[in-house]
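query_1.tsv (TSV, C-alpha atoms and all ligand atoms)
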chain	number	residue	atom	x	y	z
A	265	MET	CA	-10.93	-13.97	-21.38
A	266	LYS	CA	-13.59	-14.89	-23.94
A	267	THR	CA	-17.07	-13.97	-22.82
A	268	GLY	CA	-19.43	-14.68	-25.69
A	269	GLU	CA	-19.23	-11.83	-28.19
A	270	PHE	CA	-16.85	-9.93	-25.90
A	271	ASP	CA	-13.16	-10.73	-25.91
A	272	MET	CA	-11.36	-8.67	-23.27
A	273	ARG	CA	-7.74	-7.60	-23.74
A	274	TYR	CA	-5.32	-7.45	-20.81
A	275	ARG	CA	-2.14	-5.48	-20.08
A	276	THR	CA	0.44	-5.54	-17.31
A	277	LEU	CA	0.01	-2.83	-14.69
A	278	GLY	CA	3.62	-1.67	-14.68
A	279	ARG	CA	5.90	-3.10	-12.00
A	280	THR	CA	2.97	-4.58	-10.04
A	281	GLY	CA	2.94	-7.35	-12.63
A	282	LEU	CA	-0.87	-7.52	-12.28
A	283	ASN	CA	-2.51	-8.66	-15.50
A	284	VAL	CA	-5.34	-6.14	-15.71
A	285	SER	CA	-8.18	-5.82	-18.18
A	286	LEU	CA	-7.74	-3.00	-20.68
A	287	LEU	CA	-11.15	-1.66	-19.65
A	288	SER	CA	-11.52	-1.33	-15.90
A	289	PHE	CA	-14.42	-0.20	-13.76
A	290	GLY	CA	-14.55	3.04	-11.77
A	291	SER	CA	-17.04	3.49	-8.93
A	292	GLY	CA	-16.64	7.27	-8.69
A	293	GLY	CA	-17.21	10.10	-11.17
A	294	PRO	CA	-20.64	11.52	-11.99
A	295	SER	CA	-22.43	8.13	-11.75
A	296	LYS	CA	-20.75	6.66	-8.62
A	297	LEU	CA	-21.83	3.09	-9.23
A	298	GLY	CA	-25.40	4.25	-9.75
A	299	GLN	CA	-25.64	6.22	-6.49
A	300	ASN	CA	-26.24	9.36	-8.55
A	301	THR	CA	-28.30	7.76	-11.30
A	302	GLY	CA	-30.96	6.04	-9.21
A	303	LEU	CA	-29.86	2.39	-9.35
A	304	SER	CA	-31.40	0.11	-6.74
A	305	SER	CA	-29.17	-2.21	-4.66
A	306	ASN	CA	-30.15	-5.12	-6.91
A	307	GLU	CA	-29.27	-3.12	-10.02
A	308	GLN	CA	-25.92	-2.18	-8.50
A	309	ASN	CA	-25.27	-5.87	-7.79
A	310	ASP	CA	-26.23	-6.76	-11.37
A	311	LEU	CA	-23.88	-4.07	-12.71
A	312	ILE	CA	-20.99	-5.43	-10.64
A	313	ARG	CA	-21.69	-9.00	-11.84
A	314	GLN	CA	-21.85	-7.76	-15.44
A	315	VAL	CA	-18.49	-6.00	-14.99
A	316	LEU	CA	-16.88	-9.30	-13.97
A	317	ASP	CA	-18.76	-11.37	-16.55
A	318	LEU	CA	-17.42	-9.13	-19.31
A	319	GLY	CA	-13.85	-9.93	-18.27
A	320	ILE	CA	-13.11	-6.74	-16.34
A	321	ASN	CA	-10.87	-7.63	-13.40
A	322	PHE	CA	-9.78	-4.22	-12.06
A	323	ILE	CA	-12.16	-2.09	-10.00
A	324	ASP	CA	-11.38	1.35	-8.60
A	325	SER	CA	-12.96	3.04	-5.62
A	326	SER	CA	-12.27	5.56	-2.87
A	327	GLU	CA	-13.39	6.33	0.63
A	328	GLY	CA	-14.58	9.59	-1.00
A	329	TYR	CA	-17.12	8.04	-3.41
A	330	GLY	CA	-20.18	8.05	-1.17
A	331	ASN	CA	-21.05	4.41	-0.38
A	332	SER	CA	-19.17	2.89	-3.31
A	333	GLU	CA	-16.85	0.81	-1.16
A	334	GLU	CA	-19.78	-0.75	0.77
A	335	ILE	CA	-21.70	-1.33	-2.45
A	336	LEU	CA	-18.69	-3.09	-3.94
A	337	GLY	CA	-18.22	-5.11	-0.75
A	338	ARG	CA	-21.79	-6.28	-0.99
A	339	GLY	CA	-21.76	-6.90	-4.77
A	340	LEU	CA	-18.50	-8.85	-4.65
A	341	GLU	CA	-19.49	-11.04	-1.72
A	342	GLY	CA	-19.02	-14.71	-2.51
A	343	ILE	CA	-16.89	-14.06	-5.60
A	344	ALA	CA	-13.40	-15.60	-5.50
A	345	ARG	CA	-11.13	-12.85	-4.18
A	346	ASP	CA	-8.32	-13.82	-6.55
A	347	SER	CA	-10.54	-13.32	-9.61
A	348	TYR	CA	-10.42	-9.50	-9.45
A	349	PHE	CA	-8.20	-6.67	-8.26
A	350	ILE	CA	-9.45	-3.86	-6.02
A	351	ALA	CA	-7.93	-0.40	-5.98
A	352	THR	CA	-9.13	2.24	-3.59
A	353	LYS	CA	-7.98	5.58	-2.24
A	354	GLY	CA	-7.54	7.56	0.93
A	355	MET	CA	-7.80	11.33	1.04
A	356	CYS	CA	-4.58	13.26	1.74
A	357	ARG	CA	-6.33	16.03	3.67
A	358	ASP	CA	-8.80	16.02	6.52
A	359	ARG	CA	-12.09	17.88	6.47
A	360	HIS	CA	-10.40	21.04	7.76
A	361	GLY	CA	-8.11	21.07	4.74
A	362	LYS	CA	-5.02	20.00	6.72
A	363	LEU	CA	-2.73	17.16	5.79
A	364	ARG	CA	-4.22	14.08	7.41
A	365	ASP	CA	-2.98	12.78	10.71
A	366	PRO	CA	-1.01	9.54	10.04
A	367	LYS	CA	-2.98	7.60	12.67
A	368	LYS	CA	-6.23	8.64	11.02
A	369	PHE	CA	-4.89	7.70	7.59
A	370	SER	CA	-3.99	4.29	8.98
A	371	ALA	CA	-7.49	3.93	10.46
A	372	ALA	CA	-8.94	4.95	7.07
A	373	ILE	CA	-7.19	2.00	5.39
A	374	ASP	CA	-8.74	-0.35	7.95
A	375	LYS	CA	-12.16	1.18	7.34
A	376	SER	CA	-11.80	0.73	3.58
A	377	LEU	CA	-10.88	-2.94	4.13
A	378	LYS	CA	-13.97	-3.40	6.27
A	379	ARG	CA	-16.33	-1.64	3.83
A	380	LEU	CA	-14.93	-3.61	0.91
A	381	GLY	CA	-15.24	-6.84	2.90
A	382	THR	CA	-11.72	-7.94	2.10
A	383	ASP	CA	-8.45	-8.76	3.90
A	384	TYR	CA	-6.32	-6.87	1.40
A	385	ILE	CA	-6.46	-4.05	-1.12
A	386	ASP	CA	-4.45	-4.65	-4.29
A	387	VAL	CA	-3.66	-0.99	-5.00
A	388	MET	CA	-3.99	1.67	-2.29
A	389	GLN	CA	-3.74	5.21	-3.60
A	390	PHE	CA	-3.50	8.71	-2.25
A	391	HIS	CA	-6.57	10.47	-3.64
A	392	LEU	CA	-6.05	13.80	-5.47
A	393	LEU	CA	-2.36	14.27	-4.67
A	394	ASN	CA	-1.12	17.71	-5.70
A	395	MET	CA	2.11	19.68	-5.45
A	396	ASP	CA	1.04	21.47	-2.25
A	397	ASP	CA	0.70	18.15	-0.45
A	398	TYR	CA	3.39	16.10	-2.17
A	399	ASP	CA	6.29	16.50	0.28
A	400	GLY	CA	4.05	16.18	3.34
A	401	VAL	CA	2.45	13.03	1.96
A	402	VAL	CA	5.81	11.45	1.13
A	403	ASP	CA	7.24	12.31	4.57
A	404	THR	CA	4.32	11.53	6.85
A	405	LEU	CA	1.63	9.45	5.09
A	406	TYR	CA	3.71	7.27	2.76
A	407	PRO	CA	5.25	5.45	5.79
A	408	VAL	CA	1.71	4.55	6.88
A	409	MET	CA	1.15	2.92	3.48
A	410	GLU	CA	4.48	1.06	3.81
A	411	LYS	CA	3.47	-0.31	7.20
A	412	ALA	CA	0.10	-1.41	5.82
A	413	ARG	CA	1.96	-3.16	3.00
A	414	GLU	CA	4.25	-4.94	5.50
A	415	GLU	CA	1.16	-6.07	7.41
A	416	GLY	CA	-0.36	-7.49	4.22
A	417	LYS	CA	-3.28	-5.05	4.19
A	418	ILE	CA	-2.28	-3.54	0.85
A	419	ARG	CA	-0.12	-4.88	-1.98
A	420	PHE	CA	0.87	-1.84	-4.05
A	421	ILE	CA	1.03	1.93	-3.53
A	422	GLY	CA	-0.02	4.66	-5.92
A	423	PHE	CA	-1.75	8.00	-6.19
A	424	SER	CA	-4.31	9.78	-8.33
A	425	GLU	CA	-3.63	13.25	-9.64
A	426	GLN	CA	-5.82	16.33	-9.21
A	427	TYR	CA	-6.26	17.11	-12.88
A	428	LYS	CA	-8.67	19.97	-12.26
A	429	ILE	CA	-5.93	22.12	-10.79
A	430	GLU	CA	-2.98	20.45	-12.52
A	431	PRO	CA	-3.96	19.71	-16.14
A	432	ASP	CA	-0.22	19.81	-16.93
A	433	HIS	CA	0.30	16.76	-14.65
A	434	ARG	CA	3.00	18.52	-12.64
A	435	THR	CA	2.71	16.27	-9.59
A	436	VAL	CA	2.95	13.17	-11.78
A	437	THR	CA	6.08	14.36	-13.55
A	438	HIS	CA	7.60	15.59	-10.27
A	439	ALA	CA	6.90	12.24	-8.58
A	440	LEU	CA	8.36	10.29	-11.48
A	441	LYS	CA	11.48	12.44	-11.58
A	442	THR	CA	12.16	12.59	-7.84
A	443	HIS	CA	10.81	9.34	-6.34
A	444	PRO	CA	10.01	6.89	-9.15
A	445	HIS	CA	10.72	3.95	-6.81
A	446	LEU	CA	7.88	4.98	-4.46
A	447	TRP	CA	5.05	4.69	-6.94
A	448	ASP	CA	3.79	1.37	-8.30
A	449	THR	CA	0.86	3.02	-10.07
A	450	ILE	CA	-0.40	6.48	-10.97
A	451	MET	CA	-3.93	7.43	-11.98
A	452	LEU	CA	-4.06	10.29	-14.50
A	453	LYS	CA	-6.33	11.64	-17.20
A	454	TYR	CA	-5.38	11.12	-20.84
A	455	GLY	CA	-7.86	11.28	-23.70
A	456	ILE	CA	-8.83	12.97	-26.95
A	457	LEU	CA	-9.30	16.36	-25.28
A	458	ASN	CA	-6.66	15.81	-22.58
A	459	GLN	CA	-3.50	14.71	-24.36
A	460	TYR	CA	-0.88	16.60	-22.41
A	461	ALA	CA	0.26	13.53	-20.44
A	462	ALA	CA	1.81	12.20	-23.65
A	463	LYS	CA	4.43	14.98	-23.51
A	464	GLU	CA	6.27	13.87	-20.39
A	465	ALA	CA	4.17	12.03	-17.82
A	466	LEU	CA	3.42	8.90	-19.87
A	467	PRO	CA	6.97	8.48	-21.24
A	468	LEU	CA	8.38	8.88	-17.71
A	469	ALA	CA	5.94	6.27	-16.41
A	470	GLN	CA	7.04	3.89	-19.16
A	471	GLU	CA	10.73	4.49	-18.39
A	472	ASN	CA	10.11	3.69	-14.72
A	473	ASN	CA	7.68	0.82	-15.30
A	474	VAL	CA	4.94	2.57	-13.33
A	475	GLY	CA	1.43	1.30	-14.09
A	476	ILE	CA	-0.88	3.97	-15.49
A	477	ILE	CA	-4.58	3.84	-14.69
A	478	ASN	CA	-6.31	6.20	-17.12
A	479	MET	CA	-9.33	7.96	-15.62
A	480	ALA	CA	-12.28	10.05	-16.73
A	481	VAL	CA	-11.36	9.61	-20.40
A	482	ILE	CA	-14.72	10.62	-21.88
A	483	ARG	CA	-16.08	12.75	-19.06
A	484	GLU	CA	-17.87	14.76	-19.64
A	485	LYS	CA	-17.77	16.45	-23.00
A	486	LEU	CA	-17.37	13.47	-25.35
A	487	PRO	CA	-20.80	11.87	-24.78
A	488	LYS	CA	-22.61	15.24	-25.00
A	489	PRO	CA	-22.57	16.89	-28.46
A	490	LYS	CA	-23.73	20.29	-27.13
A	491	LEU	CA	-21.02	20.45	-24.45
A	492	LEU	CA	-18.43	19.23	-26.93
A	493	GLY	CA	-19.47	21.84	-29.51
A	494	ASP	CA	-19.34	24.61	-26.88
A	495	GLN	CA	-15.87	23.50	-25.78
A	496	ILE	CA	-14.56	23.56	-29.34
A	497	LYS	CA	-16.06	27.02	-29.86
A	498	ALA	CA	-14.42	28.23	-26.65
A	499	TRP	CA	-11.02	26.85	-27.68
A	500	LYS	CA	-11.39	28.53	-31.07
A	501	SER	CA	-12.11	31.87	-29.48
A	502	GLU	CA	-9.16	31.42	-27.09
A	503	GLY	CA	-6.91	30.69	-30.08
A	504	LEU	CA	-6.12	27.14	-28.90
A	505	ILE	CA	-7.38	25.67	-32.15
A	506	SER	CA	-7.83	27.40	-35.47
A	507	HIS	CA	-11.26	28.76	-36.47
A	508	ASP	CA	-11.63	26.64	-39.58
A	509	ALA	CA	-10.30	23.43	-37.99
A	510	LEU	CA	-13.58	21.78	-36.95
A	511	ASP	CA	-17.29	22.05	-37.41
A	512	ASP	CA	-18.88	23.50	-34.22
A	513	SER	CA	-22.07	21.46	-34.33
A	514	ASN	CA	-20.50	18.01	-34.72
A	515	PRO	CA	-16.77	18.63	-34.29
A	516	LEU	CA	-15.63	15.02	-33.94
A	517	GLY	CA	-18.26	13.36	-36.16
A	518	TRP	CA	-15.54	12.49	-38.69
A	519	LEU	CA	-14.22	9.87	-36.26
A	520	ILE	CA	-17.40	7.81	-36.66
A	521	LYS	CA	-16.85	5.26	-39.40
A	522	GLY	CA	-16.63	1.49	-39.81
A	523	GLU	CA	-16.87	-0.18	-36.42
A	524	VAL	CA	-16.41	3.11	-34.55
A	525	ARG	CA	-20.06	3.95	-33.90
A	526	SER	CA	-19.75	7.04	-31.73
A	527	VAL	CA	-17.43	9.74	-30.43
A	528	VAL	CA	-17.48	7.83	-27.12
A	529	ASP	CA	-16.12	4.71	-28.89
A	530	ALA	CA	-13.36	6.85	-30.42
A	531	GLY	CA	-12.68	8.34	-26.97
A	532	TYR	CA	-12.09	4.94	-25.37
A	533	ILE	CA	-9.98	3.69	-28.27
A	534	PHE	CA	-7.79	6.81	-28.30
A	535	ALA	CA	-7.36	6.64	-24.50
A	536	SER	CA	-6.04	3.09	-24.73
A	537	GLU	CA	-3.73	3.57	-27.72
A	538	HIS	CA	-0.79	5.00	-25.79
A	539	PRO	CA	1.53	2.13	-24.78
A	540	GLY	CA	2.12	3.80	-21.41
A	541	VAL	CA	-1.53	3.27	-20.45
A	542	SER	CA	-2.16	-0.03	-18.64
A	543	THR	CA	-5.90	0.23	-18.17
A	544	VAL	CA	-8.72	2.64	-19.00
A	545	LEU	CA	-11.41	3.21	-16.38
A	546	THR	CA	-15.06	3.55	-17.25
A	547	GLY	CA	-17.31	5.14	-14.63
A	548	THR	CA	-20.60	3.98	-16.07
A	549	SER	CA	-23.74	2.98	-14.18
A	550	SER	CA	-25.46	1.58	-17.27
A	551	ILE	CA	-25.05	-2.03	-18.40
A	552	SER	CA	-25.62	-1.08	-22.04
A	553	HIS	CA	-22.96	1.65	-21.83
A	554	LEU	CA	-20.64	-0.84	-20.15
A	555	GLN	CA	-21.16	-3.37	-22.96
A	556	ASN	CA	-20.63	-0.64	-25.52
A	557	ASN	CA	-17.37	0.46	-23.89
A	558	VAL	CA	-16.09	-3.12	-23.66
A	559	ARG	CA	-16.86	-3.55	-27.35
A	560	ALA	CA	-15.06	-0.32	-28.22
A	561	LEU	CA	-11.87	-1.59	-26.60
A	562	GLN	CA	-11.93	-4.72	-28.70
A	563	LEU	CA	-11.67	-2.69	-31.87
A	564	PRO	CA	-8.32	-1.94	-33.48
A	565	ASN	CA	-6.68	1.47	-33.05
A	566	LEU	CA	-8.25	4.42	-34.86
A	567	PRO	CA	-6.99	4.91	-38.42
A	568	GLU	CA	-3.50	6.40	-38.15
A	569	SER	CA	-4.58	9.51	-40.05
A	570	ASP	CA	-7.34	10.16	-37.47
A	571	THR	CA	-4.99	9.65	-34.51
A	572	HIS	CA	-2.51	12.06	-36.10
A	573	ALA	CA	-5.23	14.60	-36.77
A	574	LEU	CA	-6.38	14.42	-33.10
A	575	LYS	CA	-2.80	14.86	-31.91
A	576	ARG	CA	-2.29	17.84	-34.21
A	577	LEU	CA	-5.54	19.44	-33.07
A	578	PHE	CA	-5.39	18.92	-29.29
A	579	GLY	CA	-1.90	17.64	-28.46
A	580	ASP	CA	-0.58	20.91	-27.02
A	581	ILE	CA	-3.62	21.86	-24.94
A	582	ALA	CA	-3.22	21.57	-21.15
A	583	VAL	CA	-6.51	22.91	-19.86
A	584	TYR	CA	-8.92	21.40	-17.34
A	585	ILE	CA	-12.19	20.37	-18.95
A	601	LIG	N1	-8.69	12.10	-9.13
A	601	LIG	C1	-9.31	10.93	-9.05
A	601	LIG	O1	-8.95	10.14	-8.21
A	601	LIG	C2	-10.38	10.55	-10.02
A	601	LIG	C3	-11.06	11.55	-10.72
A	601	LIG	C4	-12.03	11.15	-11.66
A	601	LIG	C5	-12.27	9.79	-11.87
A	601	LIG	N2	-11.59	8.85	-11.15
A	601	LIG	C6	-11.85	7.40	-11.35
A	601	LIG	O2	-11.99	7.16	-12.74
A	601	LIG	C7	-13.28	6.55	-12.98
A	601	LIG	C8	-13.80	6.99	-14.34
A	601	LIG	O3	-13.95	8.40	-14.39
A	601	LIG	P1	-15.38	9.14	-14.45
A	601	LIG	O4	-16.42	8.21	-13.96
A	601	LIG	O5	-15.18	10.43	-13.75
A	601	LIG	O6	-15.52	9.48	-15.98
A	601	LIG	P2	-15.79	8.62	-17.30
A	601	LIG	O7	-15.70	7.18	-17.03
A	601	LIG	O8	-14.96	9.21	-18.38
A	601	LIG	O9	-17.27	9.06	-17.62
A	601	LIG	C9	-18.35	8.63	-16.88
A	601	LIG	C10	-19.58	9.32	-17.44
A	601	LIG	O10	-19.74	8.95	-18.82
A	601	LIG	C11	-21.02	8.33	-19.01
A	601	LIG	N3	-20.83	7.22	-19.96
A	601	LIG	C12	-20.04	6.13	-19.82
A	601	LIG	N4	-20.12	5.35	-20.92
A	601	LIG	C13	-20.97	5.97	-21.77
A	601	LIG	C14	-21.45	5.65	-23.06
A	601	LIG	N5	-21.07	4.54	-23.71
A	601	LIG	N6	-22.30	6.53	-23.65
A	601	LIG	C15	-22.68	7.67	-23.02
A	601	LIG	N7	-22.27	8.02	-21.78
A	601	LIG	C16	-21.42	7.17	-21.17
A	601	LIG	C17	-21.47	7.87	-17.63
A	601	LIG	O11	-22.86	7.89	-17.54
A	601	LIG	P3	-23.71	6.52	-17.34
A	601	LIG	O12	-23.59	6.16	-15.90
A	601	LIG	O13	-25.09	6.93	-17.74
A	601	LIG	O14	-23.12	5.51	-18.27
A	601	LIG	C18	-20.84	8.93	-16.73
A	601	LIG	O15	-21.65	10.07	-16.66
A	601	LIG	C19	-14.13	7.02	-11.80
A	601	LIG	O16	-15.28	6.22	-11.64
A	601	LIG	C20	-13.13	6.91	-10.68
A	601	LIG	O17	-13.00	5.55	-10.31
A	601	LIG	C21	-10.64	9.22	-10.25

Show me the file's structure as structure tokens.
Amino acid sequence: MKTGEFDMRYRTLGRTGLNVSLLSFGSGGPSKLGQNTGLSSNEQNDLIRQVLDLGINFIDSSEGYGNSEEILGRGLEGIARDSYFIATKGMCRDRHGKLRDPKKFSAAIDKSLKRLGTDYIDVMQFHLLNMDDYDGVVDTLYPVMEKAREEGKIRFIGFSEQYKIEPDHRTVTHALKTHPHLWDTIMLKYGILNQYAAKEALPLAQENNVGIINMAVIREKLPKPKLLGDQIKAWKSEGLISHDALDDSNPLGWLIKGEVRSVVDAGYIFASEHPGVSTVLTGTSSISHLQNNVRALQLPNLPESDTHALKRLFGDIAVYI
């Protein structure tokens, strides 16, 4: 879609066949659609309109993101339902930490539909699926999703990983090796400082035509030079990168050149370069950041020498940050 100076690119979301914008919009993360950054209802509505006006057609939410589903329901009211795709998520565990009761999971899907003000969810995902829950979810909660799909309440089934406890993507690789047919999409984290998915998870997803939704690609070190510098120092002292590899005060400044105006730009571009990635989420609550991130994903890939350097530096690190 051409939208003035912005020209959005689209990719196919794996076997779903959905033609999704390369940049997609996340209503969770630190900003939660402005719930954590002080946006008024009108500003939230404006942000949602801007998302669509810029050619973004894939929006992610969860029952666990505060009021994000309601805010989206309100902001999307009156907009043609077939002009965007909605993904949301249901938690695998209840508040006591037990695997959720299937009836309650089913009721949770209905509640999400109501909050979002829609008759169907394009992609329904298990939120934060990990190895402890995997078998239980497949045996007891997956059938609930299947029934919802038969009833037309959801179209496709996926899950998001819990990268904090599994930075090696073990649930993703396990799922893709044991039950690739079950998963239409998987949400994982792949970026400059989180490249481990390129080892096995992303190639397996490509082999099985599973759509990859790339999350939290800049959070939260890339936009913050101090945090980034501290992280690089820590990795040096842990022996994960060599002491003379990067400058501590501006470790990724060398990526800024030509049209790449910031480390954040480089972060979005790198996160979209892997052919296994269908779409890259941005969890911003700022219209100017949104415009910046859309612009970044219209730029060509990083220079090959920079991409190679990033892979050499961080490609083997599987640590939660
Ligand atoms: N396991 C899961 O299911 C899971 C986990 C994490 C995320 N997600 C999904 O993925 C989406 C994206 O992840 P995320 O929101 O955690 O992380 P993210 O998109 O990588 O980063 C969001 C943060 O970066 C800031 N930001 C965005 N663009 C910026 C720019 N151009 N310059 C400076 N700062 C910028 C945002 O602040 P501003 O608001 O000020 O722009 C916000 O603090 C979430 O919204 C959610 O939908 C899912």

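Comparing A:Ile335, A:Pro489, A:Gln389, A:Leu380 by their smallest distance to Leu303 in chain A, the closest is A:Ile335 (using all atoms listed in the file).
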
Within 12 Å of Gly339 in chain A, counting all atoms listed in the file, which residues qualify if same-chain residues fewer than 5 places away don't, as a count of residues only? 20

Per residue of chain A within 7 Å of ligand LIG 601 (chain A), record the nearest atom pair and its distance in Å to one decimal, counting only C-alpha atoms and all ligand atoms, with rows in chain order and ascending residue number, as a Markdown table.
| residue | atom | partner | partner_atom | distance |
| --- | --- | --- | --- | --- |
| A:Phe289 | CA | A:LIG601 | O16 | 6.8 |
| A:Gly290 | CA | A:LIG601 | O16 | 3.3 |
| A:Ser291 | CA | A:LIG601 | O16 | 4.2 |
| A:Gly292 | CA | A:LIG601 | O16 | 3.4 |
| A:Gly293 | CA | A:LIG601 | O5 | 3.3 |
| A:Pro294 | CA | A:LIG601 | O15 | 5.0 |
| A:Ser295 | CA | A:LIG601 | O12 | 4.7 |
| A:Lys296 | CA | A:LIG601 | O16 | 6.3 |
| A:Gly298 | CA | A:LIG601 | O12 | 6.7 |
| A:Thr301 | CA | A:LIG601 | O12 | 6.8 |
| A:Asp324 | CA | A:LIG601 | O17 | 4.8 |
| A:Ser325 | CA | A:LIG601 | O17 | 5.3 |
| A:His391 | CA | A:LIG601 | O1 | 5.2 |
| A:Leu392 | CA | A:LIG601 | N1 | 4.8 |
| A:Ser424 | CA | A:LIG601 | O1 | 4.7 |
| A:Glu425 | CA | A:LIG601 | N1 | 5.2 |
| A:Gln426 | CA | A:LIG601 | N1 | 5.1 |
| A:Tyr427 | CA | A:LIG601 | N1 | 6.7 |
| A:Met451 | CA | A:LIG601 | O1 | 6.8 |
| A:Met479 | CA | A:LIG601 | O2 | 4.0 |
| A:Ala480 | CA | A:LIG601 | O8 | 3.3 |
| A:Val481 | CA | A:LIG601 | O8 | 4.1 |
| A:Ile482 | CA | A:LIG601 | O8 | 3.8 |
| A:Arg483 | CA | A:LIG601 | O8 | 3.8 |
| A:Glu484 | CA | A:LIG601 | O9 | 6.1 |
| A:Pro487 | CA | A:LIG601 | C15 | 4.9 |
| A:Val528 | CA | A:LIG601 | N5 | 5.9 |
| A:Leu545 | CA | A:LIG601 | C8 | 4.9 |
| A:Thr546 | CA | A:LIG601 | O7 | 3.7 |
| A:Gly547 | CA | A:LIG601 | O4 | 3.3 |
| A:Thr548 | CA | A:LIG601 | O14 | 3.7 |
| A:Ser549 | CA | A:LIG601 | O12 | 3.6 |
| A:Ser550 | CA | A:LIG601 | O14 | 4.7 |
| A:His553 | CA | A:LIG601 | N5 | 3.9 |
| A:Leu554 | CA | A:LIG601 | N4 | 6.3 |
| A:Asn556 | CA | A:LIG601 | N5 | 5.5 |
| A:Asn557 | CA | A:LIG601 | N5 | 5.5 |

For range 415-420 of chain A, please output as a PDB file with C-alpha atoms, in the coordinates of the input all residues within 9 Å (counting all atoms listed in the file; exclusion window: fewer than 4 positions along the same chain).
ATOM      1  CA  THR A 280       2.970  -4.580 -10.040  1.00  0.00           C
ATOM      2  CA  ILE A 373      -7.190   2.000   5.390  1.00  0.00           C
ATOM      3  CA  ASP A 374      -8.740  -0.350   7.950  1.00  0.00           C
ATOM      4  CA  LEU A 377     -10.880  -2.940   4.130  1.00  0.00           C
ATOM      5  CA  ASP A 383      -8.450  -8.760   3.900  1.00  0.00           C
ATOM      6  CA  TYR A 384      -6.320  -6.870   1.400  1.00  0.00           C
ATOM      7  CA  ILE A 385      -6.460  -4.050  -1.120  1.00  0.00           C
ATOM      8  CA  ASP A 386      -4.450  -4.650  -4.290  1.00  0.00           C
ATOM      9  CA  VAL A 387      -3.660  -0.990  -5.000  1.00  0.00           C
ATOM     10  CA  MET A 388      -3.990   1.670  -2.290  1.00  0.00           C
ATOM     11  CA  GLN A 389      -3.740   5.210  -3.600  1.00  0.00           C
ATOM     12  CA  MET A 409       1.150   2.920   3.480  1.00  0.00           C
ATOM     13  CA  GLU A 410       4.480   1.060   3.810  1.00  0.00           C
ATOM     14  CA  LYS A 411       3.470  -0.310   7.200  1.00  0.00           C
ATOM     15  CA  TRP A 447       5.050   4.690  -6.940  1.00  0.00           C
ATOM     16  CA  ASP A 448       3.790   1.370  -8.300  1.00  0.00           C
ATOM     17  CA  THR A 449       0.860   3.020 -10.070  1.00  0.00           C
TER      18      THR A 449
END

So which residues touch Thr404 in chain A within 9 Å, counting only C-alpha atoms, skipping near sequence neighbours fewer than 4 positions away, as a PDB file with C-alpha atoms, in the frame of the given file?
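Dumped everything to part36.pdb:
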ATOM      1  CA  ARG A 364      -4.220  14.080   7.410  1.00  0.00           C
ATOM      2  CA  ASP A 365      -2.980  12.780  10.710  1.00  0.00           C
ATOM      3  CA  PRO A 366      -1.010   9.540  10.040  1.00  0.00           C
ATOM      4  CA  ASP A 399       6.290  16.500   0.280  1.00  0.00           C
ATOM      5  CA  GLY A 400       4.050  16.180   3.340  1.00  0.00           C
ATOM      6  CA  VAL A 408       1.710   4.550   6.880  1.00  0.00           C
TER       7      VAL A 408
END

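CA of Phe534 in chain A is found 7.0 Å from CA of Leu566 in chain A.
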
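Note that the spacing between CA of Lys367 in chain A and CA of Gly422 in chain A amounts to 19.1 Å.
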
Residue neighbourhood Arg434 in chain A, 12 Å, all atoms listed in the file, exclusion window fewer than 6 positions, as a PyMOL selection string: chain A and resi 393-396+398+425-428+440-442+452+460-461+463-465+582

Restore N, CA and C atoms in range 459-468 of chain A and list the result as a short mmCIF file (atom, residue, chain, number, x, y, z; two decimals), keeping the file's coordinate frame.
data_model
loop_
_atom_site.label_atom_id
_atom_site.label_comp_id
_atom_site.auth_asym_id
_atom_site.auth_seq_id
_atom_site.Cartn_x
_atom_site.Cartn_y
_atom_site.Cartn_z
N GLN A 459 -4.62 15.51 -23.85
CA GLN A 459 -3.50 14.71 -24.36
C GLN A 459 -2.16 15.07 -23.74
N TYR A 460 -2.17 16.04 -22.85
CA TYR A 460 -0.88 16.60 -22.41
C TYR A 460 0.03 15.57 -21.73
N ALA A 461 -0.57 14.55 -21.12
CA ALA A 461 0.26 13.53 -20.44
C ALA A 461 1.22 12.83 -21.39
N ALA A 462 0.91 12.87 -22.69
CA ALA A 462 1.81 12.20 -23.65
C ALA A 462 3.14 12.93 -23.78
N LYS A 463 3.19 14.20 -23.37
CA LYS A 463 4.43 14.98 -23.51
C LYS A 463 5.53 14.41 -22.62
N GLU A 464 5.23 14.26 -21.32
CA GLU A 464 6.27 13.87 -20.39
C GLU A 464 5.82 12.77 -19.40
N ALA A 465 4.60 12.93 -18.90
CA ALA A 465 4.17 12.03 -17.82
C ALA A 465 4.15 10.57 -18.28
N LEU A 466 3.53 10.29 -19.43
CA LEU A 466 3.42 8.90 -19.87
C LEU A 466 4.79 8.31 -20.23
N PRO A 467 5.65 9.04 -20.98
CA PRO A 467 6.97 8.48 -21.24
C PRO A 467 7.78 8.21 -19.97
N LEU A 468 7.67 9.10 -18.97
CA LEU A 468 8.38 8.88 -17.71
C LEU A 468 7.85 7.63 -17.00
#
